Amino acid sequence: MIFMLAGTSDARSLALELQEGKYDVTATVVTESAAASLEEVGLKHLVGRLTAEEMATILTEQDYEIVVDASHPFAEEASKNAMVAAEMANVPYIRYERAHEQYAHPLITVVKDYEEAAQLAAEKRGVIMLTTGSKTLATFTKVLHGLENTRLIARMLPRLDNMEKCDALGVVQKDIVAIQGPFSKELNEALFRQYDVTLMITKESGKVGSVDEKLEAALACNIETILIARPNIKYGQQYSTFEEVVQAVTDKLGGNTNGL
């Protein structure tokens, strides 16, 4: 049995590939919308954030044999919890990590974290489109709100809790772009031009995370970009292709494990 941290489109695809290989897979996700996408394709799932201890208990009590961590590249806490849980439960841990891309351009500045991105944005000012989601919105509003010649446009999923967070942090309605991706280069360009954006902030979430379309659109509009690098985590056994993960699981589990 495989316990899998999912929640992204490529994680769902990987879970399906493992399931089609006759493995018994349970995917864990944080949101109900992610759970619905798993249910649509017939994947067993759990919903909710888990501590390392909670995860370890599930692994032990339900006899899971391996943890496959295919969480988002920026889901740092989830990955760390999964590694600890796997060690506590004495089961192998395998990480699927989207391939890294290299971005070199005079208009692109790579920073190490959200805090550095916020400070750099405060130096540049202008019309700033934030495309990093709601989780770290407070990091940017704390630094950017009230600055002269600065407007922060927050682009995020159209969820009630996101709108409530914007309201609590003082992001007014006209500065919210509530929209569900994926986004084409053309749609990104249209949004940048509509709001007269002068600076875009995004994360290095990989090609699957549509960062290429954002960067290409920003460059086409001659817009500066602050690109937040991925967290520096030592995952141990890490792979960047489905084939490598499937092979690693097969090596660990020795073939089909759900009796089919």
# chains A, B, ... in the order shown; residues from 1 in each chain; ligands from 1

call {"tool": "select_by_dssp", "arguments": {"residues": "stretch 23-223 of chain A", "states": "helix (DSSP H, G or I)", "output": "PyMOL selection string"}}
result
chain A and resi 32-40+52-61+76-89+114-124+137-144+160-168+173-175+185-194+207-209+211-220

call {"tool": "write_last_selection", "arguments": {"atoms": "C-alpha atoms", "output": "mmCIF file, in the first residue's frame"}}
result
data_model
loop_
_atom_site.group_PDB
_atom_site.id
_atom_site.type_symbol
_atom_site.label_atom_id
_atom_site.label_comp_id
_atom_site.auth_asym_id
_atom_site.auth_seq_id
_atom_site.Cartn_x
_atom_site.Cartn_y
_atom_site.Cartn_z
ATOM 1 C CA GLU A 32 -12.027 19.645 -0.887
ATOM 2 C CA SER A 33 -11.547 20.786 -4.491
ATOM 3 C CA ALA A 34 -8.373 18.701 -4.769
ATOM 4 C CA ALA A 35 -10.228 15.771 -3.225
ATOM 5 C CA ALA A 36 -13.004 16.138 -5.807
ATOM 6 C CA SER A 37 -10.485 15.906 -8.644
ATOM 7 C CA LEU A 38 -9.143 12.658 -7.161
ATOM 8 C CA GLU A 39 -12.637 11.261 -6.712
ATOM 9 C CA GLU A 40 -13.423 11.990 -10.356
ATOM 10 C CA ALA A 52 4.074 14.143 11.414
ATOM 11 C CA GLU A 53 2.634 12.232 14.375
ATOM 12 C CA GLU A 54 -0.819 11.930 12.813
ATOM 13 C CA MET A 55 0.689 10.751 9.555
ATOM 14 C CA ALA A 56 2.908 8.214 11.303
ATOM 15 C CA THR A 57 -0.126 6.816 13.143
ATOM 16 C CA ILE A 58 -2.011 6.337 9.877
ATOM 17 C CA LEU A 59 1.007 4.694 8.243
ATOM 18 C CA THR A 60 1.412 2.260 11.126
ATOM 19 C CA GLU A 61 -2.221 1.437 11.890
ATOM 20 C CA GLU A 76 7.856 22.624 2.670
ATOM 21 C CA GLU A 77 6.079 21.754 5.913
ATOM 22 C CA ALA A 78 4.175 18.847 4.363
ATOM 23 C CA SER A 79 7.354 17.313 2.980
ATOM 24 C CA LYS A 80 9.201 17.655 6.264
ATOM 25 C CA ASN A 81 6.294 16.066 8.124
ATOM 26 C CA ALA A 82 6.190 13.206 5.623
ATOM 27 C CA MET A 83 9.894 12.482 6.045
ATOM 28 C CA VAL A 84 9.578 12.433 9.830
ATOM 29 C CA ALA A 85 6.421 10.283 9.675
ATOM 30 C CA ALA A 86 8.056 7.749 7.366
ATOM 31 C CA GLU A 87 11.001 7.450 9.749
ATOM 32 C CA MET A 88 8.692 7.077 12.756
ATOM 33 C CA ALA A 89 6.691 4.367 10.980
ATOM 34 C CA TYR A 114 9.099 35.377 0.292
ATOM 35 C CA GLU A 115 10.566 37.883 2.736
ATOM 36 C CA GLU A 116 13.379 38.813 0.374
ATOM 37 C CA ALA A 117 10.855 39.101 -2.456
ATOM 38 C CA ALA A 118 8.720 41.509 -0.412
ATOM 39 C CA GLN A 119 11.697 43.707 0.506
ATOM 40 C CA LEU A 120 12.891 43.858 -3.108
ATOM 41 C CA ALA A 121 9.368 44.704 -4.290
ATOM 42 C CA ALA A 122 9.283 47.539 -1.746
ATOM 43 C CA GLU A 123 12.436 48.962 -3.319
ATOM 44 C CA LYS A 124 11.032 48.749 -6.856
ATOM 45 C CA LEU A 137 -0.119 37.185 1.320
ATOM 46 C CA ALA A 138 0.485 38.729 4.743
ATOM 47 C CA THR A 139 4.250 38.708 4.101
ATOM 48 C CA PHE A 140 3.720 41.099 1.211
ATOM 49 C CA THR A 141 0.900 43.276 2.566
ATOM 50 C CA LYS A 142 2.909 43.919 5.738
ATOM 51 C CA VAL A 143 5.732 45.399 3.690
ATOM 52 C CA LEU A 144 3.947 46.913 0.690
ATOM 53 C CA LEU A 160 -14.183 32.199 0.182
ATOM 54 C CA ASP A 161 -11.308 31.826 2.649
ATOM 55 C CA ASN A 162 -9.005 33.653 0.241
ATOM 56 C CA MET A 163 -11.438 36.549 -0.058
ATOM 57 C CA GLU A 164 -11.776 36.682 3.720
ATOM 58 C CA LYS A 165 -7.983 36.768 4.066
ATOM 59 C CA CYS A 166 -7.772 39.625 1.560
ATOM 60 C CA ASP A 167 -10.391 41.544 3.522
ATOM 61 C CA ALA A 168 -8.572 40.960 6.802
ATOM 62 C CA GLN A 173 -11.828 44.311 -4.086
ATOM 63 C CA LYS A 174 -10.438 46.220 -7.066
ATOM 64 C CA ASP A 175 -6.978 44.807 -6.285
ATOM 65 C CA LYS A 185 0.765 33.204 -21.990
ATOM 66 C CA GLU A 186 -1.912 35.269 -23.744
ATOM 67 C CA LEU A 187 -4.183 35.440 -20.698
ATOM 68 C CA ASN A 188 -1.261 36.416 -18.477
ATOM 69 C CA GLU A 189 -0.320 39.164 -20.923
ATOM 70 C CA ALA A 190 -3.896 40.457 -20.983
ATOM 71 C CA LEU A 191 -4.017 40.643 -17.186
ATOM 72 C CA PHE A 192 -0.645 42.370 -16.977
ATOM 73 C CA ARG A 193 -1.717 44.975 -19.526
ATOM 74 C CA GLN A 194 -5.190 45.434 -17.992
ATOM 75 C CA LYS A 207 6.869 23.951 -16.032
ATOM 76 C CA VAL A 208 3.830 22.016 -14.730
ATOM 77 C CA GLY A 209 3.139 24.929 -12.395
ATOM 78 C CA VAL A 211 5.649 29.481 -14.385
ATOM 79 C CA ASP A 212 6.918 29.528 -17.983
ATOM 80 C CA GLU A 213 3.690 31.115 -19.227
ATOM 81 C CA LYS A 214 3.930 33.806 -16.543
ATOM 82 C CA LEU A 215 7.559 34.598 -17.296
ATOM 83 C CA GLU A 216 7.105 34.616 -21.067
ATOM 84 C CA ALA A 217 4.133 36.967 -20.713
ATOM 85 C CA ALA A 218 6.010 39.286 -18.369
ATOM 86 C CA LEU A 219 9.007 39.437 -20.702
ATOM 87 C CA ALA A 220 6.738 40.094 -23.681
#

call {"tool": "residues_around", "arguments": {"residues": "stretch 13-29 of chain A", "least_positions_apart": "5", "cutoff": "7 Å", "atoms": "only C-alpha atoms", "output": "ChimeraX atom specification"}}
result
/A:1-7,34-35,43-48,242,246,256-258,260

call {"tool": "write_last_selection", "arguments": {"atoms": "N, CA and C atoms", "output": "compact mmCIF listing (two decimals), in the first residue's frame"}}
result
# COMPACT_ATOMS: atom_id res chain seq x y z
N MET A 1 0.83 -1.20 0.00
CA MET A 1 0.00 0.00 0.00
C MET A 1 0.87 1.25 0.00
N ILE A 2 0.45 2.22 -0.79
CA ILE A 2 1.22 3.46 -0.96
C ILE A 2 0.46 4.63 -0.34
N PHE A 3 1.12 5.38 0.51
CA PHE A 3 0.58 6.62 1.07
C PHE A 3 1.22 7.76 0.30
N MET A 4 0.40 8.57 -0.38
CA MET A 4 0.95 9.56 -1.30
C MET A 4 0.47 10.96 -0.97
N LEU A 5 1.41 11.89 -0.86
CA LEU A 5 1.08 13.30 -0.70
C LEU A 5 0.85 13.87 -2.09
N ALA A 6 -0.37 14.35 -2.32
CA ALA A 6 -0.74 14.80 -3.66
C ALA A 6 -1.20 16.26 -3.61
N GLY A 7 -2.20 16.61 -4.42
CA GLY A 7 -2.74 17.97 -4.41
C GLY A 7 -2.44 18.78 -5.64
N ALA A 34 -9.38 19.68 -4.35
CA ALA A 34 -8.37 18.70 -4.77
C ALA A 34 -8.91 17.29 -4.57
N ALA A 35 -9.64 17.08 -3.48
CA ALA A 35 -10.23 15.77 -3.23
C ALA A 35 -11.23 15.41 -4.31
N LEU A 43 -9.57 7.72 -7.41
CA LEU A 43 -8.44 7.55 -6.48
C LEU A 43 -8.91 7.67 -5.03
N LYS A 44 -8.52 6.71 -4.20
CA LYS A 44 -8.81 6.84 -2.77
C LYS A 44 -8.06 8.03 -2.21
N HIS A 45 -8.65 8.71 -1.22
CA HIS A 45 -7.99 9.92 -0.73
C HIS A 45 -8.38 10.23 0.71
N LEU A 46 -7.54 11.03 1.34
CA LEU A 46 -7.80 11.62 2.64
C LEU A 46 -7.71 13.13 2.48
N VAL A 47 -8.50 13.87 3.26
CA VAL A 47 -8.51 15.33 3.15
C VAL A 47 -8.12 15.95 4.49
N GLY A 48 -7.22 16.91 4.43
CA GLY A 48 -6.83 17.64 5.64
C GLY A 48 -5.34 17.64 5.87
N PHE A 242 8.14 10.32 -13.68
CA PHE A 242 7.23 9.27 -13.21
C PHE A 242 7.90 7.91 -13.30
N VAL A 246 8.07 5.16 -10.32
CA VAL A 246 7.45 3.84 -10.44
C VAL A 246 8.49 2.74 -10.26
N ASN A 256 3.41 -5.91 -7.63
CA ASN A 256 2.04 -5.52 -7.28
C ASN A 256 1.73 -5.86 -5.83
N THR A 257 0.99 -4.96 -5.18
CA THR A 257 0.76 -5.14 -3.74
C THR A 257 -0.69 -5.09 -3.31
N ASN A 258 -1.64 -5.01 -4.27
CA ASN A 258 -3.04 -4.95 -3.83
C ASN A 258 -3.84 -6.19 -4.18
N LEU A 260 -4.29 -7.64 -7.03
CA LEU A 260 -4.92 -7.72 -8.35
C LEU A 260 -4.03 -8.49 -9.30

call {"tool": "closest_residue", "arguments": {"among": "A:Pro73, A:Gly146, A:Gly236, A:Pro231", "to": "A:Ala99", "atoms": "only C-alpha atoms"}}
result
A:Pro73

call {"tool": "residues_around", "arguments": {"residues": "A:Leu107", "least_positions_apart": "5", "cutoff": "9 Å", "atoms": "only C-alpha atoms", "output": "MDAnalysis selection string"}}
result
chainID A and resid 218:219 222:226

call {"tool": "atom_distance", "arguments": {"atom1": "atom CA of A:Phe183", "atom2": "atom CA of A:Leu199"}}
result
17.9 Å

call {"tool": "select_by_dssp", "arguments": {"residues": "stretch 70-210 of chain A", "states": "strand (DSSP E or B)", "output": "ChimeraX atom specification"}}
result
/A:93-96,108-111,126-130,150-156,176-178,199-203

call {"tool": "closest_residue", "arguments": {"among": "A:Gln237, A:Asp69, A:Thr132, A:Arg95", "to": "A:Ser210", "atoms": "only C-alpha atoms"}}
result
A:Thr132

call {"tool": "residues_around", "arguments": {"residues": "A:Leu227", "least_positions_apart": "3", "cutoff": "6 Å", "atoms": "only C-alpha atoms", "output": "list in words"}}
result
Thr109, Val110, Thr202 and Lys203 of chain A

call {"tool": "write_last_selection", "arguments": {"atoms": "C-alpha atoms", "output": "mmCIF file, in the first residue's frame"}}
result
data_model
loop_
_atom_site.group_PDB
_atom_site.id
_atom_site.type_symbol
_atom_site.label_atom_id
_atom_site.label_comp_id
_atom_site.auth_asym_id
_atom_site.auth_seq_id
_atom_site.Cartn_x
_atom_site.Cartn_y
_atom_site.Cartn_z
ATOM 1 C CA THR A 109 15.688 38.474 -10.315
ATOM 2 C CA VAL A 110 15.841 35.250 -8.299
ATOM 3 C CA THR A 202 6.012 34.366 -8.770
ATOM 4 C CA LYS A 203 7.518 31.093 -7.542
#

call {"tool": "atom_distance", "arguments": {"atom1": "atom CA of A:Leu169", "atom2": "atom CA of A:Ile153"}}
result
12.7 Å

call {"tool": "closest_residue", "arguments": {"among": "A:Ile179, A:Val111, A:Cys221, A:Val245", "to": "A:Glu97", "atoms": "only C-alpha atoms"}}
result
A:Val245

call {"tool": "decode", "arguments": {"residues": "stretch 213-259 of chain A", "atoms": "N, CA and C atoms", "output": "PDB file, in the first residue's frame"}}
result
ATOM      1  N   GLU A 213       4.668  30.224 -18.603  1.00  0.00           N
ATOM      2  CA  GLU A 213       3.690  31.115 -19.227  1.00  0.00           C
ATOM      3  C   GLU A 213       3.682  32.490 -18.564  1.00  0.00           C
ATOM      4  N   LYS A 214       3.868  32.522 -17.254  1.00  0.00           N
ATOM      5  CA  LYS A 214       3.930  33.806 -16.543  1.00  0.00           C
ATOM      6  C   LYS A 214       5.164  34.597 -16.976  1.00  0.00           C
ATOM      7  N   LEU A 215       6.307  33.915 -16.978  1.00  0.00           N
ATOM      8  CA  LEU A 215       7.559  34.598 -17.296  1.00  0.00           C
ATOM      9  C   LEU A 215       7.587  35.072 -18.744  1.00  0.00           C
ATOM     10  N   GLU A 216       7.124  34.226 -19.649  1.00  0.00           N
ATOM     11  CA  GLU A 216       7.105  34.616 -21.067  1.00  0.00           C
ATOM     12  C   GLU A 216       6.196  35.821 -21.282  1.00  0.00           C
ATOM     13  N   ALA A 217       5.062  35.834 -20.590  1.00  0.00           N
ATOM     14  CA  ALA A 217       4.133  36.967 -20.713  1.00  0.00           C
ATOM     15  C   ALA A 217       4.744  38.236 -20.135  1.00  0.00           C
ATOM     16  N   ALA A 218       5.385  38.118 -18.987  1.00  0.00           N
ATOM     17  CA  ALA A 218       6.010  39.286 -18.369  1.00  0.00           C
ATOM     18  C   ALA A 218       7.117  39.848 -19.258  1.00  0.00           C
ATOM     19  N   LEU A 219       7.927  38.979 -19.824  1.00  0.00           N
ATOM     20  CA  LEU A 219       9.007  39.437 -20.702  1.00  0.00           C
ATOM     21  C   LEU A 219       8.445  40.090 -21.964  1.00  0.00           C
ATOM     22  N   ALA A 220       7.358  39.514 -22.481  1.00  0.00           N
ATOM     23  CA  ALA A 220       6.738  40.094 -23.681  1.00  0.00           C
ATOM     24  C   ALA A 220       6.213  41.501 -23.397  1.00  0.00           C
ATOM     25  N   CYS A 221       5.812  41.737 -22.150  1.00  0.00           N
ATOM     26  CA  CYS A 221       5.312  43.058 -21.748  1.00  0.00           C
ATOM     27  C   CYS A 221       6.415  43.943 -21.162  1.00  0.00           C
ATOM     28  N   ASN A 222       7.640  43.450 -21.191  1.00  0.00           N
ATOM     29  CA  ASN A 222       8.797  44.176 -20.644  1.00  0.00           C
ATOM     30  C   ASN A 222       8.623  44.485 -19.159  1.00  0.00           C
ATOM     31  N   ILE A 223       8.097  43.504 -18.437  1.00  0.00           N
ATOM     32  CA  ILE A 223       7.826  43.652 -17.000  1.00  0.00           C
ATOM     33  C   ILE A 223       8.909  42.929 -16.207  1.00  0.00           C
ATOM     34  N   GLU A 224       9.386  43.584 -15.174  1.00  0.00           N
ATOM     35  CA  GLU A 224      10.341  42.929 -14.278  1.00  0.00           C
ATOM     36  C   GLU A 224       9.654  41.828 -13.482  1.00  0.00           C
ATOM     37  N   THR A 225      10.420  40.778 -13.154  1.00  0.00           N
ATOM     38  CA  THR A 225       9.882  39.663 -12.373  1.00  0.00           C
ATOM     39  C   THR A 225      10.800  39.333 -11.210  1.00  0.00           C
ATOM     40  N   ILE A 226      10.186  39.107 -10.050  1.00  0.00           N
ATOM     41  CA  ILE A 226      10.902  38.555  -8.902  1.00  0.00           C
ATOM     42  C   ILE A 226      10.506  37.090  -8.807  1.00  0.00           C
ATOM     43  N   LEU A 227      11.479  36.212  -8.941  1.00  0.00           N
ATOM     44  CA  LEU A 227      11.244  34.770  -8.952  1.00  0.00           C
ATOM     45  C   LEU A 227      11.758  34.165  -7.646  1.00  0.00           C
ATOM     46  N   ILE A 228      10.859  33.562  -6.876  1.00  0.00           N
ATOM     47  CA  ILE A 228      11.228  32.984  -5.586  1.00  0.00           C
ATOM     48  C   ILE A 228      11.714  31.559  -5.787  1.00  0.00           C
ATOM     49  N   ALA A 229      12.943  31.292  -5.356  1.00  0.00           N
ATOM     50  CA  ALA A 229      13.532  29.964  -5.524  1.00  0.00           C
ATOM     51  C   ALA A 229      12.845  28.956  -4.609  1.00  0.00           C
ATOM     52  N   ARG A 230      12.930  27.693  -4.979  1.00  0.00           N
ATOM     53  CA  ARG A 230      12.328  26.634  -4.165  1.00  0.00           C
ATOM     54  C   ARG A 230      13.064  26.495  -2.834  1.00  0.00           C
ATOM     55  N   PRO A 231      12.344  26.016  -1.824  1.00  0.00           N
ATOM     56  CA  PRO A 231      13.005  25.758  -0.537  1.00  0.00           C
ATOM     57  C   PRO A 231      14.133  24.743  -0.714  1.00  0.00           C
ATOM     58  N   ASN A 232      15.186  24.942   0.026  1.00  0.00           N
ATOM     59  CA  ASN A 232      16.341  24.036  -0.057  1.00  0.00           C
ATOM     60  C   ASN A 232      16.158  22.904   0.952  1.00  0.00           C
ATOM     61  N   ILE A 233      15.575  21.820   0.489  1.00  0.00           N
ATOM     62  CA  ILE A 233      15.263  20.678   1.363  1.00  0.00           C
ATOM     63  C   ILE A 233      16.047  19.460   0.896  1.00  0.00           C
ATOM     64  N   LYS A 234      16.635  18.757   1.815  1.00  0.00           N
ATOM     65  CA  LYS A 234      17.327  17.506   1.493  1.00  0.00           C
ATOM     66  C   LYS A 234      16.321  16.372   1.611  1.00  0.00           C
ATOM     67  N   TYR A 235      15.818  15.928   0.469  1.00  0.00           N
ATOM     68  CA  TYR A 235      14.767  14.916   0.470  1.00  0.00           C
ATOM     69  C   TYR A 235      15.299  13.485   0.589  1.00  0.00           C
ATOM     70  N   GLY A 236      16.544  13.294   0.258  1.00  0.00           N
ATOM     71  CA  GLY A 236      17.057  11.922   0.242  1.00  0.00           C
ATOM     72  C   GLY A 236      16.799  11.291  -1.109  1.00  0.00           C
ATOM     73  N   GLN A 237      15.949  10.264  -1.151  1.00  0.00           N
ATOM     74  CA  GLN A 237      15.665   9.562  -2.398  1.00  0.00           C
ATOM     75  C   GLN A 237      14.683  10.390  -3.219  1.00  0.00           C
ATOM     76  N   GLN A 238      15.193  11.049  -4.246  1.00  0.00           N
ATOM     77  CA  GLN A 238      14.413  12.036  -5.005  1.00  0.00           C
ATOM     78  C   GLN A 238      14.497  11.757  -6.497  1.00  0.00           C
ATOM     79  N   TYR A 239      13.349  11.900  -7.191  1.00  0.00           N
ATOM     80  CA  TYR A 239      13.290  11.653  -8.633  1.00  0.00           C
ATOM     81  C   TYR A 239      12.458  12.744  -9.299  1.00  0.00           C
ATOM     82  N   SER A 240      12.686  12.966 -10.588  1.00  0.00           N
ATOM     83  CA  SER A 240      11.973  14.021 -11.295  1.00  0.00           C
ATOM     84  C   SER A 240      11.152  13.504 -12.476  1.00  0.00           C
ATOM     85  N   THR A 241      11.048  12.173 -12.632  1.00  0.00           N
ATOM     86  CA  THR A 241      10.184  11.606 -13.674  1.00  0.00           C
ATOM     87  C   THR A 241       9.299  10.522 -13.061  1.00  0.00           C
ATOM     88  N   PHE A 242       8.141  10.320 -13.678  1.00  0.00           N
ATOM     89  CA  PHE A 242       7.234   9.274 -13.207  1.00  0.00           C
ATOM     90  C   PHE A 242       7.901   7.907 -13.300  1.00  0.00           C
ATOM     91  N   GLU A 243       8.626   7.698 -14.400  1.00  0.00           N
ATOM     92  CA  GLU A 243       9.251   6.387 -14.625  1.00  0.00           C
ATOM     93  C   GLU A 243      10.202   6.036 -13.491  1.00  0.00           C
ATOM     94  N   GLU A 244      10.965   7.014 -13.046  1.00  0.00           N
ATOM     95  CA  GLU A 244      11.904   6.776 -11.949  1.00  0.00           C
ATOM     96  C   GLU A 244      11.175   6.451 -10.647  1.00  0.00           C
ATOM     97  N   VAL A 245      10.072   7.153 -10.398  1.00  0.00           N
ATOM     98  CA  VAL A 245       9.312   6.903  -9.178  1.00  0.00           C
ATOM     99  C   VAL A 245       8.695   5.510  -9.203  1.00  0.00           C
ATOM    100  N   VAL A 246       8.073   5.158 -10.322  1.00  0.00           N
ATOM    101  CA  VAL A 246       7.453   3.835 -10.440  1.00  0.00           C
ATOM    102  C   VAL A 246       8.492   2.740 -10.257  1.00  0.00           C
ATOM    103  N   GLN A 247       9.668   2.932 -10.848  1.00  0.00           N
ATOM    104  CA  GLN A 247      10.721   1.936 -10.706  1.00  0.00           C
ATOM    105  C   GLN A 247      11.191   1.842  -9.256  1.00  0.00           C
ATOM    106  N   ALA A 248      11.323   2.983  -8.596  1.00  0.00           N
ATOM    107  CA  ALA A 248      11.761   2.994  -7.198  1.00  0.00           C
ATOM    108  C   ALA A 248      10.737   2.299  -6.302  1.00  0.00           C
ATOM    109  N   VAL A 249       9.459   2.544  -6.564  1.00  0.00           N
ATOM    110  CA  VAL A 249       8.408   1.878  -5.793  1.00  0.00           C
ATOM    111  C   VAL A 249       8.448   0.377  -6.033  1.00  0.00           C
ATOM    112  N   THR A 250       8.612  -0.009  -7.282  1.00  0.00           N
ATOM    113  CA  THR A 250       8.702  -1.433  -7.620  1.00  0.00           C
ATOM    114  C   THR A 250       9.889  -2.086  -6.922  1.00  0.00           C
ATOM    115  N   ASP A 251      11.006  -1.388  -6.902  1.00  0.00           N
ATOM    116  CA  ASP A 251      12.192  -1.925  -6.224  1.00  0.00           C
ATOM    117  C   ASP A 251      11.948  -2.101  -4.731  1.00  0.00           C
ATOM    118  N   LYS A 252      11.218  -1.149  -4.141  1.00  0.00           N
ATOM    119  CA  LYS A 252      10.975  -1.202  -2.694  1.00  0.00           C
ATOM    120  C   LYS A 252       9.924  -2.255  -2.335  1.00  0.00           C
ATOM    121  N   LEU A 253       8.866  -2.323  -3.159  1.00  0.00           N
ATOM    122  CA  LEU A 253       7.733  -3.179  -2.803  1.00  0.00           C
ATOM    123  C   LEU A 253       7.751  -4.538  -3.503  1.00  0.00           C
ATOM    124  N   GLY A 254       8.591  -4.660  -4.527  1.00  0.00           N
ATOM    125  CA  GLY A 254       8.727  -5.950  -5.180  1.00  0.00           C
ATOM    126  C   GLY A 254       7.547  -6.381  -6.003  1.00  0.00           C
ATOM    127  N   GLY A 255       6.898  -5.423  -6.694  1.00  0.00           N
ATOM    128  CA  GLY A 255       5.809  -5.800  -7.593  1.00  0.00           C
ATOM    129  C   GLY A 255       4.461  -5.360  -7.069  1.00  0.00           C
ATOM    130  N   ASN A 256       3.412  -5.912  -7.629  1.00  0.00           N
ATOM    131  CA  ASN A 256       2.041  -5.524  -7.283  1.00  0.00           C
ATOM    132  C   ASN A 256       1.732  -5.860  -5.828  1.00  0.00           C
ATOM    133  N   THR A 257       0.986  -4.957  -5.180  1.00  0.00           N
ATOM    134  CA  THR A 257       0.761  -5.137  -3.741  1.00  0.00           C
ATOM    135  C   THR A 257      -0.694  -5.090  -3.312  1.00  0.00           C
ATOM    136  N   ASN A 258      -1.638  -5.010  -4.270  1.00  0.00           N
ATOM    137  CA  ASN A 258      -3.037  -4.945  -3.828  1.00  0.00           C
ATOM    138  C   ASN A 258      -3.838  -6.189  -4.183  1.00  0.00           C
ATOM    139  N   GLY A 259      -3.121  -7.207  -4.583  1.00  0.00           N
ATOM    140  CA  GLY A 259      -3.768  -8.472  -4.800  1.00  0.00           C
ATOM    141  C   GLY A 259      -4.442  -8.619  -6.138  1.00  0.00           C
TER     142      GLY A 259
END
